[in-house]
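Data block for final37.csv (CSV, C-alpha atoms):
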chain,number,residue,atom,x,y,z
A,27,MET,CA,-18.7,-9.9,53.4
A,28,ALA,CA,-15.2,-8.5,53.4
A,29,GLU,CA,-14.9,-4.8,54.2
A,30,PRO,CA,-14.4,-2.5,51.2
A,31,THR,CA,-10.8,-1.7,50.4
A,32,ALA,CA,-10.4,2.1,49.8
A,33,PRO,CA,-8.2,3.5,47.1
A,34,THR,CA,-5.3,5.7,48.0
A,35,THR,CA,-6.0,9.4,48.8
A,36,LEU,CA,-7.0,11.2,45.7
A,37,VAL,CA,-8.7,14.4,44.5
A,38,TRP,CA,-12.2,13.3,43.4
A,39,TYR,CA,-15.0,15.0,41.4
A,40,PHE,CA,-18.6,13.8,42.0
A,41,LEU,CA,-20.7,14.8,39.0
A,42,PRO,CA,-24.2,16.0,39.8
A,43,PRO,CA,-27.2,13.9,38.7
A,44,GLU,CA,-28.6,14.8,35.3
A,45,ALA,CA,-31.7,13.9,33.4
A,46,PRO,CA,-31.5,10.5,31.7
A,47,ALA,CA,-29.8,10.7,28.3
A,48,PRO,CA,-29.2,8.5,25.2
A,49,GLY,CA,-26.6,5.8,25.2
A,50,TRP,CA,-24.3,7.6,22.8
A,51,ARG,CA,-24.2,10.6,25.0
A,52,GLN,CA,-23.6,8.6,28.2
A,53,MET,CA,-20.7,6.6,26.6
A,54,ALA,CA,-19.1,9.8,25.3
A,55,ALA,CA,-19.3,11.3,28.8
A,56,ASP,CA,-17.7,8.2,30.4
A,57,GLU,CA,-14.9,8.2,27.8
A,58,ALA,CA,-14.3,11.9,28.5
A,59,MET,CA,-14.0,11.0,32.3
A,60,LEU,CA,-11.4,8.5,31.5
A,61,ALA,CA,-9.3,10.9,29.4
A,62,TYR,CA,-9.6,13.6,32.1
A,63,ALA,CA,-8.5,11.2,34.9
A,64,GLY,CA,-5.5,10.2,32.8
A,65,ARG,CA,-4.4,13.8,32.1
A,66,HIS,CA,-5.0,15.3,35.5
A,67,GLY,CA,-4.4,12.4,37.8
A,68,VAL,CA,-7.8,12.8,39.5
A,69,GLY,CA,-10.9,10.6,40.1
A,70,VAL,CA,-14.3,11.3,38.6
A,71,VAL,CA,-17.5,9.5,39.6
A,72,ARG,CA,-21.1,9.8,38.4
A,73,LEU,CA,-24.4,7.9,38.5
A,74,TYR,CA,-26.9,8.0,35.7
A,75,ARG,CA,-29.8,6.5,33.8
A,76,TRP,CA,-30.6,6.0,30.1
A,77,ALA,CA,-33.4,7.5,27.9
A,78,PRO,CA,-34.4,5.9,25.7
A,79,PRO,CA,-33.6,2.5,27.0
A,80,CYS,CA,-30.5,1.2,25.3
A,81,LEU,CA,-28.7,-2.1,24.5
A,82,SER,CA,-25.0,-1.7,24.9
A,83,PHE,CA,-22.3,-4.0,23.5
A,84,GLY,CA,-18.8,-4.5,25.0
A,85,ARG,CA,-15.9,-2.9,23.1
A,86,HIS,CA,-14.6,-6.2,21.7
A,87,GLU,CA,-17.9,-8.2,21.7
A,88,PRO,CA,-18.8,-10.0,18.4
A,89,ALA,CA,-22.2,-8.3,18.4
A,90,ALA,CA,-22.8,-8.7,14.7
A,91,ARG,CA,-22.7,-12.5,15.2
A,92,ARG,CA,-24.2,-12.7,18.6
A,93,TYR,CA,-27.2,-10.4,18.3
A,94,ASP,CA,-29.9,-10.2,15.6
A,95,ARG,CA,-29.6,-6.7,14.1
A,96,ALA,CA,-32.8,-7.1,12.1
A,97,VAL,CA,-34.8,-7.9,15.2
A,98,ILE,CA,-33.2,-5.1,17.2
A,99,GLU,CA,-34.1,-2.6,14.4
A,100,ALA,CA,-37.6,-4.0,14.0
A,101,ARG,CA,-38.2,-3.4,17.7
A,102,GLY,CA,-36.8,0.1,17.4
A,103,LEU,CA,-34.2,-0.5,20.1
A,104,ASP,CA,-31.5,2.1,20.8
A,105,VAL,CA,-28.0,0.5,20.5
A,106,VAL,CA,-24.5,1.7,21.4
A,107,ARG,CA,-21.0,0.1,21.8
A,108,ARG,CA,-19.2,0.9,25.0
A,109,PRO,CA,-15.6,2.0,25.3
A,110,THR,CA,-15.2,-0.8,27.9
A,111,GLY,CA,-15.0,-4.5,27.5
A,112,GLY,CA,-17.5,-7.1,28.7
A,113,ARG,CA,-20.7,-8.3,27.2
A,114,ALA,CA,-24.2,-6.9,26.3
A,115,VAL,CA,-26.4,-5.1,28.8
A,116,TRP,CA,-30.0,-3.8,28.5
A,117,HIS,CA,-30.1,-0.4,30.2
A,118,ASP,CA,-33.7,0.3,31.3
A,119,GLY,CA,-34.7,-0.6,34.9
A,120,GLU,CA,-31.2,-0.1,36.2
A,121,LEU,CA,-28.9,2.6,37.6
A,122,THR,CA,-25.4,2.9,36.1
A,123,TYR,CA,-22.3,4.0,38.0
A,124,ALA,CA,-19.1,5.1,36.5
A,125,VAL,CA,-15.6,5.6,38.1
A,126,ALA,CA,-12.6,6.9,36.3
A,127,ALA,CA,-9.3,7.3,38.1
A,128,PRO,CA,-5.6,6.7,37.9
A,129,CYS,CA,-4.8,2.9,38.0
A,130,ALA,CA,-2.2,3.5,40.8
A,131,ALA,CA,-5.0,4.7,43.1
A,132,PHE,CA,-6.3,1.1,43.3
A,133,GLY,CA,-3.1,-0.8,42.6
A,134,SER,CA,-4.2,-2.7,39.5
A,135,LEU,CA,-7.3,-3.2,37.3
A,136,SER,CA,-8.2,-6.4,39.0
A,137,HIS,CA,-7.9,-4.8,42.4
A,138,ALA,CA,-10.1,-1.8,41.2
A,139,TYR,CA,-12.7,-4.2,39.9
A,140,ARG,CA,-13.1,-6.0,43.2
A,141,ASP,CA,-12.6,-3.0,45.4
A,142,ILE,CA,-15.2,-1.0,43.7
A,143,HIS,CA,-17.6,-3.9,43.8
A,144,ARG,CA,-16.9,-4.4,47.5
A,145,THR,CA,-17.9,-0.8,48.0
A,146,LEU,CA,-21.1,-1.3,46.0
A,147,ALA,CA,-21.9,-4.5,47.9
A,148,GLY,CA,-21.4,-2.6,51.2
A,149,ALA,CA,-23.8,0.1,49.9
A,150,LEU,CA,-26.5,-2.5,49.3
A,151,ALA,CA,-25.9,-4.0,52.7
A,152,THR,CA,-26.9,-0.7,54.2
A,153,LEU,CA,-30.3,-1.2,52.5
A,154,GLY,CA,-30.7,-4.7,54.1
A,155,ILE,CA,-29.6,-6.5,50.9
A,156,PRO,CA,-27.0,-9.3,51.8
A,157,ALA,CA,-24.7,-8.8,48.8
A,158,SER,CA,-21.3,-10.4,48.3
A,159,LEU,CA,-18.8,-10.9,45.5
A,160,ALA,CA,-19.1,-13.9,43.1
A,161,PRO,CA,-16.2,-16.4,43.2
A,162,THR,CA,-14.0,-16.8,40.2
A,163,PRO,CA,-15.3,-19.8,38.1
A,164,ALA,CA,-13.1,-22.7,37.2
A,165,ARG,CA,-13.6,-21.7,33.5
A,166,MET,CA,-14.1,-18.1,32.4
A,167,PRO,CA,-16.8,-17.5,29.8
A,168,GLY,CA,-15.8,-16.0,26.5
A,169,LEU,CA,-17.1,-12.9,24.9
A,170,ALA,CA,-19.3,-14.9,22.6
A,171,SER,CA,-20.9,-16.9,25.4
A,172,GLY,CA,-23.8,-14.6,26.1
A,173,ALA,CA,-24.7,-11.3,27.7
A,174,CYS,CA,-23.2,-9.7,30.7
A,175,PHE,CA,-25.8,-11.1,33.1
A,176,ALA,CA,-25.9,-14.6,31.5
A,177,SER,CA,-23.3,-15.7,34.0
A,178,PRO,CA,-20.8,-14.3,36.6
A,179,VAL,CA,-17.1,-14.2,35.7
A,180,GLY,CA,-15.9,-13.6,39.3
A,181,GLY,CA,-15.9,-10.5,41.4
A,182,GLU,CA,-19.4,-9.2,40.5
A,183,VAL,CA,-21.9,-8.3,43.1
A,184,VAL,CA,-24.4,-11.2,43.7
A,185,VAL,CA,-27.1,-12.1,46.2
A,186,ASP,CA,-27.5,-15.9,46.7
A,187,GLY,CA,-25.9,-16.5,43.4
A,188,GLY,CA,-28.1,-14.0,41.5
A,189,LYS,CA,-26.2,-11.2,39.8
A,190,VAL,CA,-27.3,-7.8,40.8
A,191,ILE,CA,-24.4,-5.7,39.5
A,192,GLY,CA,-22.3,-6.3,36.4
A,193,SER,CA,-19.4,-4.1,35.3
A,194,ALA,CA,-16.8,-3.5,32.6
A,195,GLN,CA,-13.4,-1.8,32.4
A,196,VAL,CA,-11.0,-0.2,30.0
A,197,ARG,CA,-7.5,1.2,30.6
A,198,GLU,CA,-5.9,4.0,28.7
A,199,GLY,CA,-2.4,5.0,29.7
A,200,SER,CA,-2.2,5.5,33.4
A,201,ALA,CA,-6.0,5.7,34.0
A,202,PHE,CA,-9.0,3.3,33.9
A,203,LEU,CA,-12.7,3.5,33.5
A,204,GLN,CA,-15.1,1.1,35.3
A,205,HIS,CA,-18.8,1.4,34.8
A,206,GLY,CA,-21.6,-1.0,35.5
A,207,SER,CA,-25.3,-1.6,35.9
A,208,ILE,CA,-27.1,-2.0,39.2
A,209,LEU,CA,-30.2,-3.9,38.4
A,210,VAL,CA,-33.1,-2.2,40.2
A,211,GLU,CA,-36.1,-3.5,38.3
A,212,ASP,CA,-35.1,-5.1,34.9
A,213,ASP,CA,-34.2,-8.8,34.5
A,214,GLN,CA,-32.3,-8.4,31.1
A,215,ALA,CA,-35.0,-10.4,29.2
A,216,VAL,CA,-34.6,-8.0,26.3
A,217,VAL,CA,-31.1,-9.2,25.7
A,218,ALA,CA,-32.2,-12.8,25.5
A,219,ALA,CA,-35.0,-11.8,23.1
A,220,VAL,CA,-32.6,-10.3,20.5
A,221,THR,CA,-29.8,-12.9,20.8
A,222,SER,CA,-29.2,-15.1,17.8
A,223,GLY,CA,-29.9,-18.7,18.9
A,224,PRO,CA,-30.9,-20.0,22.3
A,225,SER,CA,-30.5,-17.7,25.2
A,226,SER,CA,-31.9,-16.7,28.6
A,227,PRO,CA,-31.6,-13.8,31.1
A,228,GLY,CA,-29.2,-16.1,33.0
A,229,VAL,CA,-28.6,-15.1,36.6
A,230,ALA,CA,-29.8,-11.4,36.3
A,231,THR,CA,-31.5,-10.6,39.6
A,232,PRO,CA,-33.1,-7.2,40.1
A,233,LEU,CA,-33.3,-5.7,43.5
A,234,ALA,CA,-37.0,-5.3,43.2
A,235,ARG,CA,-37.4,-9.1,43.1
A,236,LEU,CA,-35.2,-9.4,46.2
A,237,THR,CA,-36.9,-6.7,48.2
A,238,GLY,CA,-40.5,-6.9,47.0
A,239,GLY,CA,-40.1,-3.4,45.5
A,240,ARG,CA,-39.1,-1.9,48.8
A,241,VAL,CA,-35.8,-0.4,47.4
A,242,GLY,CA,-36.0,2.1,44.6
A,243,TYR,CA,-33.7,4.2,42.5
A,244,ALA,CA,-33.3,7.0,44.9
A,245,ALA,CA,-32.4,4.8,47.8
A,246,VAL,CA,-29.9,2.9,45.8
A,247,ALA,CA,-28.3,6.1,44.5
A,248,ASP,CA,-28.1,7.6,48.0
A,249,ALA,CA,-26.5,4.4,49.4
A,250,VAL,CA,-24.0,4.2,46.6
A,251,THR,CA,-23.1,7.8,46.8
A,252,ALA,CA,-22.4,7.6,50.5
A,253,ALA,CA,-20.3,4.5,50.1
A,254,ILE,CA,-18.1,5.8,47.3
A,255,ARG,CA,-17.7,9.2,49.0
A,256,SER,CA,-16.2,7.4,52.0
A,257,TRP,CA,-13.1,6.8,49.9
A,258,PRO,CA,-10.2,9.0,51.2
A,259,GLY,CA,-9.3,12.2,49.5
A,260,THR,CA,-10.6,15.6,48.7
A,261,TRP,CA,-14.1,15.6,47.2
A,262,HIS,CA,-15.5,18.3,44.8
A,263,ASP,CA,-19.1,18.5,43.7
A,264,GLY,CA,-19.6,19.3,40.0
A,265,LYS,CA,-17.9,18.8,36.7
A,266,PRO,CA,-14.2,19.7,36.5
A,267,PRO,CA,-13.3,22.4,34.0
A,268,GLY,CA,-13.3,21.3,30.4
A,269,LEU,CA,-15.0,17.9,30.9
A,270,ALA,CA,-18.3,18.8,29.2
A,271,GLU,CA,-16.5,20.0,26.1
A,272,GLU,CA,-14.4,16.8,25.8
A,273,ALA,CA,-17.6,14.7,26.1
A,274,ALA,CA,-19.3,16.7,23.3
A,275,GLU,CA,-16.3,16.0,21.0
A,276,ALA,CA,-16.6,12.2,21.6
A,277,GLU,CA,-20.3,12.0,20.9
A,278,ALA,CA,-20.2,11.6,17.1
A,279,ARG,CA,-18.2,8.3,17.2
A,280,PHE,CA,-20.7,6.7,19.7
A,281,GLN,CA,-23.6,7.7,17.5
A,282,GLY,CA,-22.3,6.0,14.4
A,283,SER,CA,-23.2,2.5,13.3
A,284,GLU,CA,-19.6,2.0,12.1
A,285,TRP,CA,-18.5,1.9,15.7
A,286,THR,CA,-21.6,0.2,17.1
A,287,TRP,CA,-21.6,-2.7,14.6
A,288,ARG,CA,-17.9,-2.8,13.8
A,289,ARG,CA,-17.7,-6.5,14.8

Please express the file's structure as structure tokens.
Amino acid sequence: MAEPTAPTTLVWYFLPPEAPAPGWRQMAADEAMLAYAGRHGVGVVRLYRWAPPCLSFGRHEPAARRYDRAVIEARGLDVVRRPTGGRAVWHDGELTYAVAAPCAAFGSLSHAYRDIHRTLAGALATLGIPASLAPTPARMPGLASGACFASPVGGEVVVDGGKVIGSAQVREGSAFLQHGSILVEDDQAVVAAVTSGPSSPGVATPLARLTGGRVGYAAVADAVTAAIRSWPGTWHDGKPPGLAEEAAEAEARFQGSEWTWRR
């Protein structure tokens, strides 16, 4: 596995862990991170979990056609649409990471995608998990081709072809947000169950399956935290001033069905 490529030196804020929260609150918090990174030229990182478990759609995903809303509502599943691209993910037995930073710190969105994933793969390697990055396929799957973990699109973190981390990005002005799911226990079967038409969990491969349950959430969080905090720059623990208020202002949009089921 190639060594992780560090971003340029930056001022970073590492947000403290909080209790699991609903999807709309988590997405509002990530969007606020993106806005803050763009305005202040800093990086913001956090790790979190979701409660209740939640199905998230990509920003441009044709969710109303791809997923059965009646089945989702009959099962009482929480649903949100992310501010980032990509395809659907079930957030339950996983740990989500989020990085917001100036694009220039990584050089480009594509460099950021792979460099962050190299860092995460290196974190898993410290836990004895031989992770690498998926090669770019000859033909890229479209947004309507299934959920995030149905197939790799190149650059995700895999172990023997099984996808253990899937991520999505968005850029606003000079900054970007990248967040993604590290599958600790869940195999994404819920996404397949609510998909209209034939589907399967694809190549989703939880770490519990690879390690026999040896590696849990705390170990993964500690390894990821150490790997990311090796990036050069000045690190601050805690939320930067004003970030919490911005997140609260964004919550209403992510709670609304107009945004969630807009396409």

Would you mind listing what lies within 12 Å of His137 (chain A) as a list in words, with only C-alpha atoms counted and same-chain residues fewer than 3 positions away left out?
Pro30, Thr31, Ala32, Pro33, Cys129, Ala130, Ala131, Phe132, Gly133, Ser134, Arg140, Asp141, Ile142, His143, Arg144, Gly181, Gln195, Phe202 and Gln204 of chain A

Name the closest residue to Ala276 (chain A) among the candidates A:Leu153, A:Ala244, A:Cys174, A:Ala61; distances are taken between atoms, counting all atoms listed in the file.
A:Ala61

Compile the contact shell of region 108-123 of chain A as an NGL selection string: residues with an atom at most 9 Å away, counting only C-alpha atoms, same-chain residues fewer than 6 positions apart removed.
:A and (49-50 or 53-54 or 56-57 or 71-87 or 89 or 169-175 or 192-197 or 203-217 or 232 or 243 or 246-247 or 250 or 280 or 286)

Counting only C-alpha atoms, the residue of A:Arg289, A:Gly228, A:Trp257, A:Asp263 that sits nearest Leu36 (chain A)
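That would be A:Trp257, the residue with the smallest distance to Leu36 (chain A).
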
Determine, counting all atoms listed in the file, which protein, DNA and RNA residues have an atom within 8 Å of an atom of Trp38 (chain A); residues of the same chain fewer than 2 positions away are not included. Present the result as a ChimeraX atom specification.
/A:36,40,68-71,259-262

Within 12 Å of (-26.3, -3.3, 53.2), all atoms listed in the file: residues as a list in words?
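Residues close enough to count: Met27, Glu29, Arg144, Thr145, Leu146, Ala147, Gly148, Ala149, Leu150, Ala151, Thr152, Leu153, Gly154, Ile155, Pro156, Ala157, Ser158, Val185, Val241, Ala245, Val246, Ala249, Val250, Ala252 and Ala253 of chain A.
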
Now that the selection is made, can you save its residues with C-alpha atoms as an mmCIF file, in the coordinates of the input?
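Produced file part-v2.cif, reproduced below:
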data_model
loop_
_atom_site.group_PDB
_atom_site.id
_atom_site.type_symbol
_atom_site.label_atom_id
_atom_site.label_comp_id
_atom_site.auth_asym_id
_atom_site.auth_seq_id
_atom_site.Cartn_x
_atom_site.Cartn_y
_atom_site.Cartn_z
ATOM 1 C CA MET A 27 -18.700 -9.900 53.400
ATOM 2 C CA GLU A 29 -14.900 -4.800 54.200
ATOM 3 C CA ARG A 144 -16.900 -4.400 47.500
ATOM 4 C CA THR A 145 -17.900 -0.800 48.000
ATOM 5 C CA LEU A 146 -21.100 -1.300 46.000
ATOM 6 C CA ALA A 147 -21.900 -4.500 47.900
ATOM 7 C CA GLY A 148 -21.400 -2.600 51.200
ATOM 8 C CA ALA A 149 -23.800 0.100 49.900
ATOM 9 C CA LEU A 150 -26.500 -2.500 49.300
ATOM 10 C CA ALA A 151 -25.900 -4.000 52.700
ATOM 11 C CA THR A 152 -26.900 -0.700 54.200
ATOM 12 C CA LEU A 153 -30.300 -1.200 52.500
ATOM 13 C CA GLY A 154 -30.700 -4.700 54.100
ATOM 14 C CA ILE A 155 -29.600 -6.500 50.900
ATOM 15 C CA PRO A 156 -27.000 -9.300 51.800
ATOM 16 C CA ALA A 157 -24.700 -8.800 48.800
ATOM 17 C CA SER A 158 -21.300 -10.400 48.300
ATOM 18 C CA VAL A 185 -27.100 -12.100 46.200
ATOM 19 C CA VAL A 241 -35.800 -0.400 47.400
ATOM 20 C CA ALA A 245 -32.400 4.800 47.800
ATOM 21 C CA VAL A 246 -29.900 2.900 45.800
ATOM 22 C CA ALA A 249 -26.500 4.400 49.400
ATOM 23 C CA VAL A 250 -24.000 4.200 46.600
ATOM 24 C CA ALA A 252 -22.400 7.600 50.500
ATOM 25 C CA ALA A 253 -20.300 4.500 50.100
#

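For the residues A:Pro163, A:Glu284, A:Pro128, A:Ser222, ranking by smallest atom-to-atom distance to His66 (chain A) using only C-alpha atoms places A:Pro128 first.
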
For a test of reading the model, state the distance in Å between CA of Thr251 (chain A) and CA of Gly188 (chain A), rounded to one decimal.
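Answer for the CA of Thr251 (chain A) to CA of Gly188 (chain A) separation: 23.0 Å.
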
Select, from A:Thr162, A:Thr231, A:Thr237, A:Ser256, the residue with the minimum atom-to-atom distance to Ile191 (chain A), counting all atoms listed in the file.
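Closest residue, counting all atoms listed in the file: A:Thr231.
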
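Closest to Gly102 (chain A) among A:Val220, A:Val190, A:Tyr39, A:Pro161 is A:Val220, based on only C-alpha atoms.
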
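Take CA of Ala63 (chain A) and CA of Val125 (chain A): the distance between them is 9.6 Å.
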
Atomic separation - CA of Ala58 (chain A) relative to CA of Pro267 (chain A), Å:
11.9 Å

Could you check which of A:Val106, A:Val183, A:Val229, A:Ala45 is closest to Arg279 (chain A), using only C-alpha atoms?
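Residue with the minimum atom-to-atom distance to Arg279 (chain A): A:Val106.
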
Using all atoms listed in the file, which residues sit within 12 Å of Asp94 (chain A) once same-chain residues fewer than 3 positions away are excluded, as a list in words?
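Skipping anything fewer than 3 positions along the chain leaves Pro88, Ala89, Ala90, Arg91, Val97, Ile98, Glu99, Ala100, Arg101, Leu103, Val105, Val216, Val217, Ala218, Ala219, Val220, Thr221, Ser222, Gly223, Pro224 and Trp287 of chain A.
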